[in-house]
file work16.txt (compact mmCIF, C-alpha atoms)
# COMPACT_ATOMS: atom_id res chain seq x y z
CA MET Z 1 206.57 -66.62 -100.67
CA LYS Z 2 207.40 -66.57 -104.36
CA LEU Z 3 204.58 -67.25 -106.81
CA GLU Z 4 205.83 -70.77 -107.56
CA THR Z 5 205.58 -71.66 -103.87
CA LYS Z 6 202.15 -70.04 -103.45
CA LEU Z 7 200.78 -72.14 -106.31
CA ILE Z 8 202.31 -75.37 -105.07
CA GLN Z 9 200.99 -74.75 -101.54
CA ALA Z 10 197.41 -74.07 -102.66
CA GLY Z 11 195.12 -75.87 -100.22
CA VAL Z 12 197.94 -77.48 -98.25
CA GLY Z 13 197.11 -77.52 -94.52
CA ARG Z 14 193.61 -76.15 -95.04
CA ASP Z 15 191.80 -79.40 -94.22
CA GLU Z 16 192.57 -79.33 -90.50
CA LYS Z 17 190.43 -82.35 -89.56
CA THR Z 18 192.27 -84.88 -91.76
CA GLY Z 19 195.46 -83.04 -92.67
CA ALA Z 20 194.93 -83.91 -96.35
CA VAL Z 21 197.72 -82.39 -98.45
CA SER Z 22 195.45 -82.36 -101.50
CA PHE Z 23 192.41 -80.33 -100.48
CA PRO Z 24 189.24 -82.43 -100.87
CA VAL Z 25 186.46 -82.02 -103.41
CA TYR Z 26 183.28 -80.88 -101.65
CA TYR Z 27 180.27 -82.00 -103.67
CA ALA Z 28 177.71 -80.76 -101.14
CA THR Z 29 175.20 -78.26 -102.46
CA ALA Z 30 173.70 -77.51 -99.03
CA TYR Z 31 175.30 -77.00 -95.61
CA ARG Z 32 173.78 -77.36 -92.14
CA HIS Z 33 173.56 -74.22 -90.03
CA PRO Z 34 174.75 -74.52 -86.40
CA ALA Z 35 171.73 -72.49 -85.22
CA LEU Z 36 169.33 -69.80 -86.32
CA GLY Z 37 171.27 -66.84 -87.65
CA GLN Z 38 174.55 -68.79 -87.68
CA SER Z 39 176.54 -70.08 -90.64
CA THR Z 40 179.72 -72.05 -91.19
CA GLY Z 41 180.51 -69.62 -94.00
CA TYR Z 42 178.90 -72.00 -96.49
CA ASP Z 43 175.16 -71.97 -97.10
CA TYR Z 44 174.53 -72.92 -100.73
CA THR Z 45 177.17 -74.02 -103.20
CA ARG Z 46 176.35 -71.39 -105.84
CA THR Z 47 177.33 -68.74 -103.33
CA ALA Z 48 180.39 -70.52 -101.94
CA ASN Z 49 181.99 -73.95 -101.95
CA PRO Z 50 185.07 -74.95 -99.92
CA THR Z 51 186.94 -76.36 -102.93
CA ARG Z 52 186.11 -73.28 -104.97
CA THR Z 53 187.29 -71.06 -102.11
CA ILE Z 54 190.79 -72.57 -102.33
CA LEU Z 55 190.91 -71.88 -106.07
CA GLU Z 56 189.57 -68.34 -105.75
CA GLU Z 57 191.99 -67.44 -102.96
CA THR Z 58 194.87 -68.90 -104.94
CA ILE Z 59 194.21 -66.93 -108.13
CA ALA Z 60 193.56 -63.72 -106.18
CA GLU Z 61 196.92 -64.03 -104.43
CA ALA Z 62 198.71 -65.00 -107.65
CA GLU Z 63 197.37 -61.89 -109.43
CA SER Z 64 197.93 -59.56 -106.43
CA GLY Z 65 194.17 -59.00 -106.24
CA ASP Z 66 191.70 -58.68 -103.42
CA ALA Z 67 189.16 -61.29 -104.53
CA GLY Z 68 188.88 -64.13 -107.01
CA PHE Z 69 185.82 -65.68 -108.64
CA ALA Z 70 185.67 -69.02 -110.46
CA CYS Z 71 183.26 -69.29 -113.39
CA ALA Z 72 182.02 -72.08 -115.61
CA SER Z 73 184.06 -70.87 -118.61
CA GLY Z 74 186.16 -67.95 -119.78
CA MET Z 75 183.14 -66.50 -121.55
CA ALA Z 76 181.07 -66.87 -118.37
CA ALA Z 77 183.74 -64.80 -116.62
CA VAL Z 78 183.57 -62.10 -119.31
CA HIS Z 79 179.77 -62.07 -119.18
CA THR Z 80 179.77 -61.80 -115.39
CA VAL Z 81 182.08 -58.77 -115.52
CA MET Z 82 179.87 -57.18 -118.18
CA GLY Z 83 177.11 -57.23 -115.56
CA LEU Z 84 178.78 -54.15 -114.09
CA PHE Z 85 177.45 -52.09 -116.99
CA SER Z 86 174.01 -50.77 -117.87
CA GLN Z 87 172.01 -49.87 -120.94
CA GLY Z 88 173.67 -46.97 -122.74
CA ASP Z 89 177.17 -47.67 -121.45
CA HIS Z 90 180.09 -47.71 -123.89
CA LEU Z 91 183.30 -49.73 -123.72
CA ILE Z 92 186.54 -49.41 -125.68
CA VAL Z 93 187.93 -52.80 -126.69
CA SER Z 94 191.17 -54.11 -128.20
CA LEU Z 95 190.88 -54.12 -131.98
CA ASP Z 96 192.49 -57.56 -132.35
CA LEU Z 97 190.27 -59.65 -130.11
CA TYR Z 98 189.28 -63.25 -129.44
CA GLY Z 99 186.28 -64.03 -131.63
CA GLY Z 100 184.19 -65.42 -128.77
CA THR Z 101 184.44 -62.13 -126.90
CA TYR Z 102 183.52 -60.20 -130.04
CA ARG Z 103 180.51 -62.50 -130.53
CA LEU Z 104 179.31 -61.92 -126.96
CA PHE Z 105 179.69 -58.17 -127.28
CA GLU Z 106 178.15 -57.74 -130.73
CA GLN Z 107 175.51 -60.47 -130.90
CA VAL Z 108 174.35 -60.60 -127.28
CA LEU Z 109 175.24 -57.59 -125.15
CA SER Z 110 174.56 -55.06 -127.90
CA ARG Z 111 170.89 -56.15 -127.69
CA TYR Z 112 170.90 -54.96 -124.07
CA GLY Z 113 172.04 -51.49 -125.02
CA LEU Z 114 175.81 -51.74 -124.50
CA THR Z 115 178.02 -50.35 -127.25
CA PHE Z 116 181.61 -51.17 -128.12
CA SER Z 117 184.35 -49.40 -130.05
CA TYR Z 118 187.28 -51.50 -131.29
CA VAL Z 119 190.51 -49.55 -131.12
CA ASP Z 120 194.18 -50.34 -131.69
CA LEU Z 121 195.20 -49.79 -128.08
CA ARG Z 122 198.85 -49.47 -129.07
CA ASP Z 123 197.84 -46.00 -130.30
CA LEU Z 124 197.14 -43.86 -127.23
CA GLY Z 125 195.97 -41.02 -129.44
CA ALA Z 126 193.31 -43.25 -130.98
CA LEU Z 127 192.34 -44.42 -127.50
CA LYS Z 128 191.91 -40.85 -126.24
CA HIS Z 129 189.85 -39.99 -129.32
CA ALA Z 130 187.55 -42.97 -128.70
CA ILE Z 131 186.61 -41.92 -125.14
CA ARG Z 132 183.06 -40.58 -124.96
CA PRO Z 133 180.89 -39.21 -122.16
CA ASP Z 134 179.17 -42.60 -121.90
CA THR Z 135 182.43 -44.61 -121.88
CA LYS Z 136 182.76 -46.71 -118.73
CA ALA Z 137 185.67 -49.09 -119.31
CA ILE Z 138 188.58 -50.21 -121.48
CA PHE Z 139 188.78 -53.93 -122.26
CA VAL Z 140 192.33 -55.01 -123.07
CA GLU Z 141 193.86 -58.15 -124.52
CA THR Z 142 197.66 -58.14 -124.41
CA PRO Z 143 199.15 -59.94 -126.20
CA THR Z 144 196.12 -59.96 -128.46
CA ASN Z 145 194.60 -63.08 -129.92
CA PRO Z 146 195.85 -64.02 -132.50
CA LEU Z 147 198.25 -61.32 -133.74
CA MET Z 148 200.17 -60.90 -130.47
CA GLN Z 149 199.87 -57.12 -130.43
CA ILE Z 150 201.25 -55.59 -127.24
CA THR Z 151 199.41 -52.91 -125.28
CA ASP Z 152 201.19 -50.73 -122.72
CA ILE Z 153 199.09 -51.57 -119.67
CA ARG Z 154 200.56 -48.81 -117.50
CA ALA Z 155 199.82 -46.14 -120.11
CA VAL Z 156 196.26 -47.38 -120.68
CA THR Z 157 195.44 -47.59 -116.98
CA GLN Z 158 196.81 -44.11 -116.34
CA LEU Z 159 194.62 -42.70 -119.09
CA ALA Z 160 191.64 -44.69 -117.80
CA LYS Z 161 192.05 -43.31 -114.29
CA GLN Z 162 192.20 -39.75 -115.64
CA HIS Z 163 188.76 -40.30 -117.18
CA GLY Z 164 187.26 -42.37 -114.37
CA LEU Z 165 187.19 -45.58 -116.42
CA LEU Z 166 187.69 -49.18 -115.37
CA THR Z 167 190.50 -51.17 -116.99
CA ILE Z 168 189.74 -54.85 -117.62
CA VAL Z 169 192.60 -57.04 -118.85
CA ASP Z 170 192.32 -60.52 -120.33
CA ASN Z 171 195.51 -62.17 -119.06
CA THR Z 172 194.85 -65.63 -120.52
CA PHE Z 173 197.92 -65.78 -122.76
CA LEU Z 174 200.51 -64.79 -120.16
CA THR Z 175 198.99 -65.87 -116.81
CA PRO Z 176 200.16 -64.32 -113.51
CA TYR Z 177 203.42 -66.21 -113.89
CA CYS Z 178 204.45 -63.86 -116.72
CA GLN Z 179 202.28 -60.75 -116.22
CA ARG Z 180 200.21 -59.25 -113.39
CA PRO Z 181 198.04 -56.43 -114.77
CA LEU Z 182 196.64 -55.41 -111.37
CA GLU Z 183 200.18 -54.46 -110.30
CA LEU Z 184 200.31 -52.23 -113.41
CA GLY Z 185 197.12 -50.36 -112.52
CA ALA Z 186 194.30 -52.51 -113.92
CA ASP Z 187 191.07 -53.00 -111.96
CA ILE Z 188 189.95 -56.43 -113.16
CA VAL Z 189 191.81 -59.40 -114.62
CA LEU Z 190 190.11 -62.17 -116.58
CA HIS Z 191 191.29 -65.64 -117.55
CA SER Z 192 190.04 -68.41 -119.70
CA ALA Z 193 191.43 -70.82 -117.13
CA THR Z 194 190.71 -73.63 -119.58
CA LYS Z 195 194.02 -72.68 -121.15
CA TYR Z 196 197.40 -72.28 -119.40
CA LEU Z 197 196.14 -72.23 -115.83
CA ALA Z 198 194.52 -75.66 -116.12
CA GLY Z 199 197.14 -76.67 -118.63
CA HIS Z 200 196.01 -80.15 -119.68
CA ASN Z 201 193.14 -79.65 -122.15
CA ASP Z 202 190.69 -81.26 -119.72
CA VAL Z 203 188.94 -78.45 -117.79
CA LEU Z 204 186.54 -75.72 -118.91
CA ALA Z 205 186.81 -72.74 -116.54
CA GLY Z 206 187.04 -68.97 -116.22
CA LEU Z 207 188.50 -66.78 -113.49
CA ILE Z 208 188.00 -63.16 -112.42
CA VAL Z 209 190.29 -61.23 -110.09
CA THR Z 210 189.39 -57.79 -108.72
CA LYS Z 211 191.22 -54.97 -106.98
CA GLY Z 212 189.46 -52.91 -104.33
CA GLU Z 213 186.74 -53.77 -101.82
CA GLU Z 214 183.87 -51.97 -103.55
CA LEU Z 215 184.55 -53.52 -106.96
CA SER Z 216 185.07 -56.94 -105.40
CA GLU Z 217 181.69 -56.77 -103.70
CA LYS Z 218 179.98 -55.79 -106.95
CA ILE Z 219 181.49 -58.77 -108.76
CA ARG Z 220 180.66 -61.04 -105.81
CA PHE Z 221 177.01 -60.02 -106.13
CA LEU Z 222 177.02 -60.61 -109.89
CA HIS Z 223 178.84 -63.94 -109.56
CA ASN Z 224 176.22 -65.23 -107.13
CA SER Z 225 173.26 -63.68 -108.94
CA ILE Z 226 174.18 -64.83 -112.46
CA GLY Z 227 175.30 -68.18 -111.10
CA ALA Z 228 177.71 -69.31 -113.83
CA VAL Z 229 180.01 -70.74 -111.17
CA LEU Z 230 182.59 -73.50 -111.50
CA GLY Z 231 181.73 -76.94 -110.12
CA PRO Z 232 183.84 -78.45 -107.33
CA GLN Z 233 185.46 -81.23 -109.39
CA ASP Z 234 186.65 -78.73 -112.00
CA CYS Z 235 187.87 -76.40 -109.23
CA TRP Z 236 189.98 -79.24 -107.86
CA LEU Z 237 191.38 -80.09 -111.31
CA LEU Z 238 192.20 -76.43 -111.91
CA VAL Z 239 194.03 -76.08 -108.60
CA ARG Z 240 196.00 -79.22 -109.44
CA GLY Z 241 196.90 -77.82 -112.84
CA MET Z 242 197.99 -74.47 -111.40
CA LYS Z 243 200.46 -76.19 -109.08
CA THR Z 244 202.69 -76.91 -112.10
CA LEU Z 245 202.08 -73.59 -113.88
CA ALA Z 246 205.60 -72.25 -113.36
CA LEU Z 247 207.27 -75.37 -114.70
CA ARG Z 248 204.96 -75.57 -117.69
CA MET Z 249 205.22 -71.90 -118.63
CA GLU Z 250 209.01 -72.04 -118.64
CA ARG Z 251 208.93 -74.96 -121.08
CA HIS Z 252 206.11 -73.46 -123.17
CA GLN Z 253 207.99 -70.24 -123.75
CA SER Z 254 211.41 -71.78 -124.31
CA ASN Z 255 209.85 -74.10 -126.89
CA ALA Z 256 207.88 -71.25 -128.47
CA LEU Z 257 210.99 -69.14 -128.96
CA ILE Z 258 212.74 -72.01 -130.72
CA VAL Z 259 209.69 -72.62 -132.91
CA ALA Z 260 209.33 -68.92 -133.77
CA GLU Z 261 212.99 -68.59 -134.71
CA LYS Z 262 212.86 -71.71 -136.87
CA LEU Z 263 209.62 -70.71 -138.61
CA ARG Z 264 211.26 -67.47 -139.77
CA GLU Z 265 213.69 -69.58 -141.80
CA HIS Z 266 211.15 -71.72 -143.67
CA PRO Z 267 210.36 -70.67 -147.26
CA ALA Z 268 206.65 -71.45 -146.82
CA VAL Z 269 206.31 -68.86 -144.02
CA ALA Z 270 205.80 -65.16 -144.78
CA GLU Z 271 205.55 -63.68 -141.25
CA VAL Z 272 205.95 -64.82 -137.66
CA PHE Z 273 204.30 -63.16 -134.64
CA TYR Z 274 205.87 -63.86 -131.25
CA PRO Z 275 206.51 -61.24 -128.53
CA GLY Z 276 209.75 -62.97 -127.55
CA LEU Z 277 211.38 -62.10 -130.87
CA PRO Z 278 213.40 -58.86 -130.56
CA GLU Z 279 211.93 -57.52 -133.81
CA HIS Z 280 208.31 -58.12 -132.72
CA PRO Z 281 206.42 -54.79 -132.53
CA GLY Z 282 206.01 -53.89 -128.87
CA HIS Z 283 208.78 -56.24 -127.72
CA GLU Z 284 210.32 -53.58 -125.47
CA ILE Z 285 206.95 -52.81 -123.84
CA GLN Z 286 206.42 -56.52 -123.30
CA VAL Z 287 209.81 -56.91 -121.63
CA ASN Z 288 209.06 -53.91 -119.42
CA GLN Z 289 205.66 -55.10 -118.16
CA ALA Z 290 206.01 -58.90 -118.26
CA THR Z 291 208.58 -61.48 -117.25
CA GLY Z 292 207.87 -63.91 -120.08
CA HIS Z 293 206.23 -64.38 -123.46
CA SER Z 294 204.14 -67.56 -123.13
CA GLY Z 295 203.86 -70.28 -125.75
CA MET Z 296 201.62 -68.64 -128.37
CA VAL Z 297 203.05 -68.17 -131.86
CA SER Z 298 201.11 -67.04 -134.92
CA PHE Z 299 202.39 -67.07 -138.49
CA ARG Z 300 201.26 -66.44 -142.05
CA VAL Z 301 202.00 -68.83 -144.87
CA ARG Z 302 202.68 -67.36 -148.30
CA ASP Z 303 199.58 -68.76 -150.00
CA ALA Z 304 196.15 -69.54 -148.53
CA GLU Z 305 196.12 -72.75 -150.59
CA GLN Z 306 198.92 -74.06 -148.34
CA VAL Z 307 196.72 -74.08 -145.22
CA GLY Z 308 194.75 -77.24 -145.92
CA LEU Z 309 197.79 -79.31 -146.84
CA PHE Z 310 199.72 -78.03 -143.85
CA LEU Z 311 196.96 -78.91 -141.37
CA GLN Z 312 196.33 -82.27 -143.03
CA ASN Z 313 199.99 -83.30 -142.68
CA LEU Z 314 200.51 -82.39 -139.03
CA GLN Z 315 201.26 -85.45 -136.91
CA ILE Z 316 202.51 -84.39 -133.46
CA VAL Z 317 200.84 -80.97 -133.46
CA SER Z 318 197.06 -81.39 -133.33
CA PHE Z 319 194.72 -79.31 -135.48
CA ALA Z 320 192.41 -78.28 -132.64
CA GLU Z 321 190.61 -75.23 -131.31
CA SER Z 322 192.18 -74.34 -127.99
CA LEU Z 323 195.50 -73.37 -126.44
CA GLY Z 324 197.63 -73.56 -123.33
CA GLY Z 325 197.69 -77.32 -122.82
CA VAL Z 326 200.78 -79.50 -122.57
CA GLU Z 327 200.09 -80.81 -126.08
CA SER Z 328 200.94 -78.60 -129.07
CA LEU Z 329 197.86 -77.40 -130.98
CA CYS Z 330 197.35 -75.47 -134.21
CA THR Z 331 194.27 -73.36 -134.90
CA TYR Z 332 193.05 -71.72 -138.10
CA PRO Z 333 191.45 -68.51 -136.76
CA ALA Z 334 189.54 -67.62 -139.94
CA THR Z 335 187.27 -70.66 -139.61
CA GLN Z 336 187.59 -71.46 -135.91
CA THR Z 337 188.26 -68.95 -133.11
CA HIS Z 338 187.37 -65.87 -135.20
CA ALA Z 339 184.71 -67.32 -137.50
CA ASP Z 340 181.95 -65.15 -135.96
CA ILE Z 341 183.78 -61.93 -136.79
CA PRO Z 342 182.63 -60.62 -140.21
CA GLN Z 343 185.21 -61.32 -142.91
CA GLU Z 344 185.78 -57.66 -143.73
CA VAL Z 345 186.41 -56.89 -140.04
CA ARG Z 346 188.76 -59.86 -139.66
CA GLU Z 347 190.77 -58.95 -142.73
CA HIS Z 348 190.97 -55.30 -141.70
CA VAL Z 349 192.49 -56.36 -138.39
CA GLY Z 350 194.87 -58.80 -140.07
CA VAL Z 351 193.19 -62.14 -139.33
CA CYS Z 352 193.41 -63.27 -142.95
CA ASP Z 353 193.04 -66.68 -144.58
CA ARG Z 354 196.83 -67.21 -144.47
CA LEU Z 355 197.09 -66.88 -140.68
CA LEU Z 356 197.68 -69.85 -138.38
CA ARG Z 357 198.00 -69.87 -134.59
CA LEU Z 358 200.19 -72.28 -132.66
CA SER Z 359 199.94 -73.17 -129.02
CA VAL Z 360 203.39 -74.65 -128.51
CA GLY Z 361 203.27 -77.45 -125.96
CA ILE Z 362 205.94 -78.94 -123.74
CA GLU Z 363 207.09 -81.76 -126.02
CA HIS Z 364 210.74 -81.83 -127.05
CA PRO Z 365 211.19 -78.75 -129.27
CA ASP Z 366 213.08 -80.70 -131.93
CA ASP Z 367 210.06 -82.93 -132.47
CA VAL Z 368 207.66 -79.99 -132.70
CA VAL Z 369 209.89 -78.16 -135.20
CA ALA Z 370 210.38 -81.31 -137.27
CA ASP Z 371 206.61 -81.86 -137.45
CA LEU Z 372 205.92 -78.26 -138.44
CA PHE Z 373 208.63 -78.36 -141.09
CA GLN Z 374 207.46 -81.60 -142.70
CA ALA Z 375 203.90 -80.23 -142.82
CA LEU Z 376 205.11 -76.94 -144.26
CA ASN Z 377 207.16 -78.80 -146.85
CA ALA Z 378 204.05 -80.74 -147.83
CA SER Z 379 202.08 -77.49 -148.06
CA LEU Z 380 204.43 -76.19 -150.74
CA VAL Z 381 203.07 -78.82 -153.12
CA VAL Z 382 200.00 -76.96 -154.36
CA GLY Z 383 198.16 -77.96 -157.51
CA GLY Z 384 200.58 -80.81 -158.15
CA SER Z 385 203.66 -78.57 -158.34
CA VAL Z 386 206.26 -77.46 -155.81
CA ARG Z 387 206.15 -73.75 -155.05
call {"tool": "encode", "arguments": {"input": "work16.txt", "output": "structure tokens"}}
result
Amino acid sequence: MKLETKLIQAGVGRDEKTGAVSFPVYYATAYRHPALGQSTGYDYTRTANPTRTILEETIAEAESGDAGFACASGMAAVHTVMGLFSQGDHLIVSLDLYGGTYRLFEQVLSRYGLTFSYVDLRDLGALKHAIRPDTKAIFVETPTNPLMQITDIRAVTQLAKQHGLLTIVDNTFLTPYCQRPLELGADIVLHSATKYLAGHNDVLAGLIVTKGEELSEKIRFLHNSIGAVLGPQDCWLLVRGMKTLALRMERHQSNALIVAEKLREHPAVAEVFYPGLPEHPGHEIQVNQATGHSGMVSFRVRDAEQVGLFLQNLQIVSFAESLGGVESLCTYPATQTHADIPQEVREHVGVCDRLLRLSVGIEHPDDVVADLFQALNASLVVGGSVR
């Protein structure tokens, strides 16, 4: 079956007793054993839950993995994977990185003796130079958040295998509909499933997908031991959201391309970052390893003083701190998603006070463009004069 069909058929026919097309929500935390030493496969809901099983099997199949694990949030998924590592271990991480991941690494896990080097993974020479005897893994975002930098997953995984390193890829922005890192050599895929997979700004969730029996068993142990698992109602909502993933992603990315092309023309905009634009750095790599570009567009206005007026005047696009839902959202990374990254680090990477990030929704593109343009026009009036 094609991916679209696999997602639509998630849970269909699995409830043999009733024949329910929509797989039920199992709220039970405990399950009766048939006899001593026997189990139905479900003992305690932290370890396994029937509704969660449907979700985990669905994401594993969608990502071409061997096992899936549903967590209480995207950060819970990252933290669970970090349980693979021990005091003294070193990881190489994408330089341009979601601020929440940076916060977890630098303010929490560093206290447990893990160390992290932030490297522009587009530069294989820099990556090779960063590998140390204590390096255990490479953590990749591609496209990165928020500058949409593209990493060659095949090249990174080949280098990782040469040095006996794990490759972990955050695939939140593209989802398995557009990119499947495990097919390109990665070992682990992560998702903030709150975003495109759920798709409706109403579920907090994280997903992990692993390749290989040994690695899958290690994550299974950590998932159960740490216990940051996703509740059954949210599992059901996430499965329901994933059923329309293909339709939504097609509209997200067609809208995003229109928005990106239009933003290039506006005098208030200095730069536009969107992997679907032919001139975007890494566009050819993106086309070679992915089948789409998602709905994420970042751009810089010409003057930081424009930001407040622009955000204040948005009407259809919401000034909000998330992405991947059907509604269009705009985020100001410097004070929201990347606020916990020190200013000098942010600015060195390129997350400056002129940068805005759009999650282009599935509204009519003309309405989204019109809203952005009227807000940008308003932003040009700074200090009582038109710039």
call {"tool": "closest_atom_pairs", "arguments": {"input": "work16.txt", "of": "range 34-122 of chain Z", "to": "range 157-178 of chain Z", "cutoff": "9 Å", "atoms": "only C-alpha atoms", "output": "tab-separated table"}}
result
residue	atom	partner	partner_atom	distance
Z:Ile59	CA	Z:Pro176	CA	8.4
Z:Ala62	CA	Z:Pro176	CA	6.1
Z:Glu63	CA	Z:Pro176	CA	5.5
Z:Ser64	CA	Z:Pro176	CA	8.8
Z:Val78	CA	Z:Asp170	CA	8.9
Z:Val81	CA	Z:Ile168	CA	8.9
call {"tool": "closest_residue", "arguments": {"input": "work16.txt", "among": "Z:Leu84, Z:Ala320, Z:Cys352, Z:Val301", "to": "Asn377 in chain Z", "atoms": "all atoms listed in the file"}}
result
Z:Val301
call {"tool": "atom_distance", "arguments": {"input": "work16.txt", "atom1": "CA of Ser328 in chain Z", "atom2": "CA of Arg357 in chain Z"}}
result
10.7 Å
call {"tool": "closest_residue", "arguments": {"input": "work16.txt", "among": "Z:Ala339, Z:Val269, Z:Ile150, Z:Leu95", "to": "Val287 in chain Z", "atoms": "all atoms listed in the file"}}
result
Z:Ile150
call {"tool": "residues_around", "arguments": {"input": "work16.txt", "residues": "Thr337 in chain Z", "least_positions_apart": "6", "cutoff": "7 Å", "atoms": "all atoms listed in the file", "output": "list in words"}}
result
Tyr98, Gly99, Gly100 and Glu321 of chain Z
call {"tool": "atom_distance", "arguments": {"input": "work16.txt", "atom1": "CA of His338 in chain Z", "atom2": "CA of Leu309 in chain Z"}}
result
20.6 Å
call {"tool": "atom_distance", "arguments": {"input": "work16.txt", "atom1": "CA of Gly206 in chain Z", "atom2": "CA of Val229 in chain Z"}}
result
8.8 Å
call {"tool": "residues_around", "arguments": {"input": "work16.txt", "residues": "Leu245 in chain Z", "least_positions_apart": "4", "cutoff": "7 Å", "atoms": "only C-alpha atoms", "output": "list in words"}}
result
Leu197, Gly241 and Met249 of chain Z
call {"tool": "axis_aligned_box", "arguments": {"input": "work16.txt", "around": "range 153-170 of chain Z", "padding_each_side": "8 Å", "output": "lines of an AutoDock Vina configuration file"}}
result
center_x = 193.9
center_y = -50.1
center_z = -117.5
size_x = 29.4
size_y = 36.8
size_z = 22.4
call {"tool": "residues_near_point", "arguments": {"input": "work16.txt", "point": "(180.9, -72.0, -98.9)", "cutoff": "10 Å", "atoms": "only C-alpha atoms", "output": "list in words"}}
result
Tyr26, Ala28, Thr29, Ala30, Tyr31, Ser39, Thr40, Gly41, Tyr42, Asp43, Tyr44, Thr45, Arg46, Thr47, Ala48, Asn49, Pro50, Thr51, Arg52 and Thr53 of chain Z
call {"tool": "residues_around", "arguments": {"input": "work16.txt", "residues": "Asp134 in chain Z", "least_positions_apart": "5", "cutoff": "12 Å", "atoms": "only C-alpha atoms", "output": "ChimeraX atom specification"}}
result
/Z:85-92,113-117,163-165
call {"tool": "write_last_selection", "arguments": {"input": "work16.txt", "atoms": "C-alpha atoms", "output": "PDB file, keeping the file's coordinate frame"}}
result
ATOM      1  CA  PHE Z  85     177.450 -52.090-116.990  1.00  0.00           C
ATOM      2  CA  SER Z  86     174.010 -50.770-117.870  1.00  0.00           C
ATOM      3  CA  GLN Z  87     172.010 -49.870-120.940  1.00  0.00           C
ATOM      4  CA  GLY Z  88     173.670 -46.970-122.740  1.00  0.00           C
ATOM      5  CA  ASP Z  89     177.170 -47.670-121.450  1.00  0.00           C
ATOM      6  CA  HIS Z  90     180.090 -47.710-123.890  1.00  0.00           C
ATOM      7  CA  LEU Z  91     183.300 -49.730-123.720  1.00  0.00           C
ATOM      8  CA  ILE Z  92     186.540 -49.410-125.680  1.00  0.00           C
ATOM      9  CA  GLY Z 113     172.040 -51.490-125.020  1.00  0.00           C
ATOM     10  CA  LEU Z 114     175.810 -51.740-124.500  1.00  0.00           C
ATOM     11  CA  THR Z 115     178.020 -50.350-127.250  1.00  0.00           C
ATOM     12  CA  PHE Z 116     181.610 -51.170-128.120  1.00  0.00           C
ATOM     13  CA  SER Z 117     184.350 -49.400-130.050  1.00  0.00           C
ATOM     14  CA  HIS Z 163     188.760 -40.300-117.180  1.00  0.00           C
ATOM     15  CA  GLY Z 164     187.260 -42.370-114.370  1.00  0.00           C
ATOM     16  CA  LEU Z 165     187.190 -45.580-116.420  1.00  0.00           C
TER      17      LEU Z 165
END
call {"tool": "decode", "arguments": {"input": "work16.txt", "residues": "range 72-81 of chain Z", "atoms": "N, CA, C and O atoms", "output": "compact mmCIF listing (two decimals), in the first residue's frame"}}
result
# COMPACT_ATOMS: atom_id res chain seq x y z
N ALA Z 72 4.65 11.78 25.57
CA ALA Z 72 3.74 12.83 26.02
C ALA Z 72 3.98 14.17 25.33
O ALA Z 72 3.13 15.05 25.38
N SER Z 73 5.13 14.36 24.71
CA SER Z 73 5.44 15.58 23.96
C SER Z 73 6.64 15.32 23.09
O SER Z 73 7.33 14.29 23.24
N GLY Z 74 6.94 16.25 22.19
CA GLY Z 74 8.15 16.11 21.39
C GLY Z 74 9.39 16.11 22.25
O GLY Z 74 10.34 15.36 22.01
N MET Z 75 9.42 16.97 23.27
CA MET Z 75 10.58 17.02 24.15
C MET Z 75 10.70 15.75 24.99
O MET Z 75 11.81 15.31 25.31
N ALA Z 76 9.57 15.14 25.36
CA ALA Z 76 9.63 13.85 26.06
C ALA Z 76 10.25 12.79 25.16
O ALA Z 76 10.99 11.91 25.63
N ALA Z 77 9.97 12.86 23.87
CA ALA Z 77 10.56 11.92 22.91
C ALA Z 77 12.08 12.12 22.84
O ALA Z 77 12.85 11.16 22.86
N VAL Z 78 12.50 13.38 22.74
CA VAL Z 78 13.94 13.67 22.70
C VAL Z 78 14.62 13.18 23.98
O VAL Z 78 15.67 12.54 23.94
N HIS Z 79 14.01 13.48 25.12
CA HIS Z 79 14.59 13.10 26.40
C HIS Z 79 14.69 11.57 26.53
O HIS Z 79 15.67 11.04 27.05
N THR Z 80 13.67 10.87 26.06
CA THR Z 80 13.70 9.41 26.11
C THR Z 80 14.86 8.86 25.29
O THR Z 80 15.60 7.98 25.75
N VAL Z 81 15.06 9.39 24.10
CA VAL Z 81 16.17 8.95 23.25
C VAL Z 81 17.51 9.26 23.91
O VAL Z 81 18.46 8.47 23.82
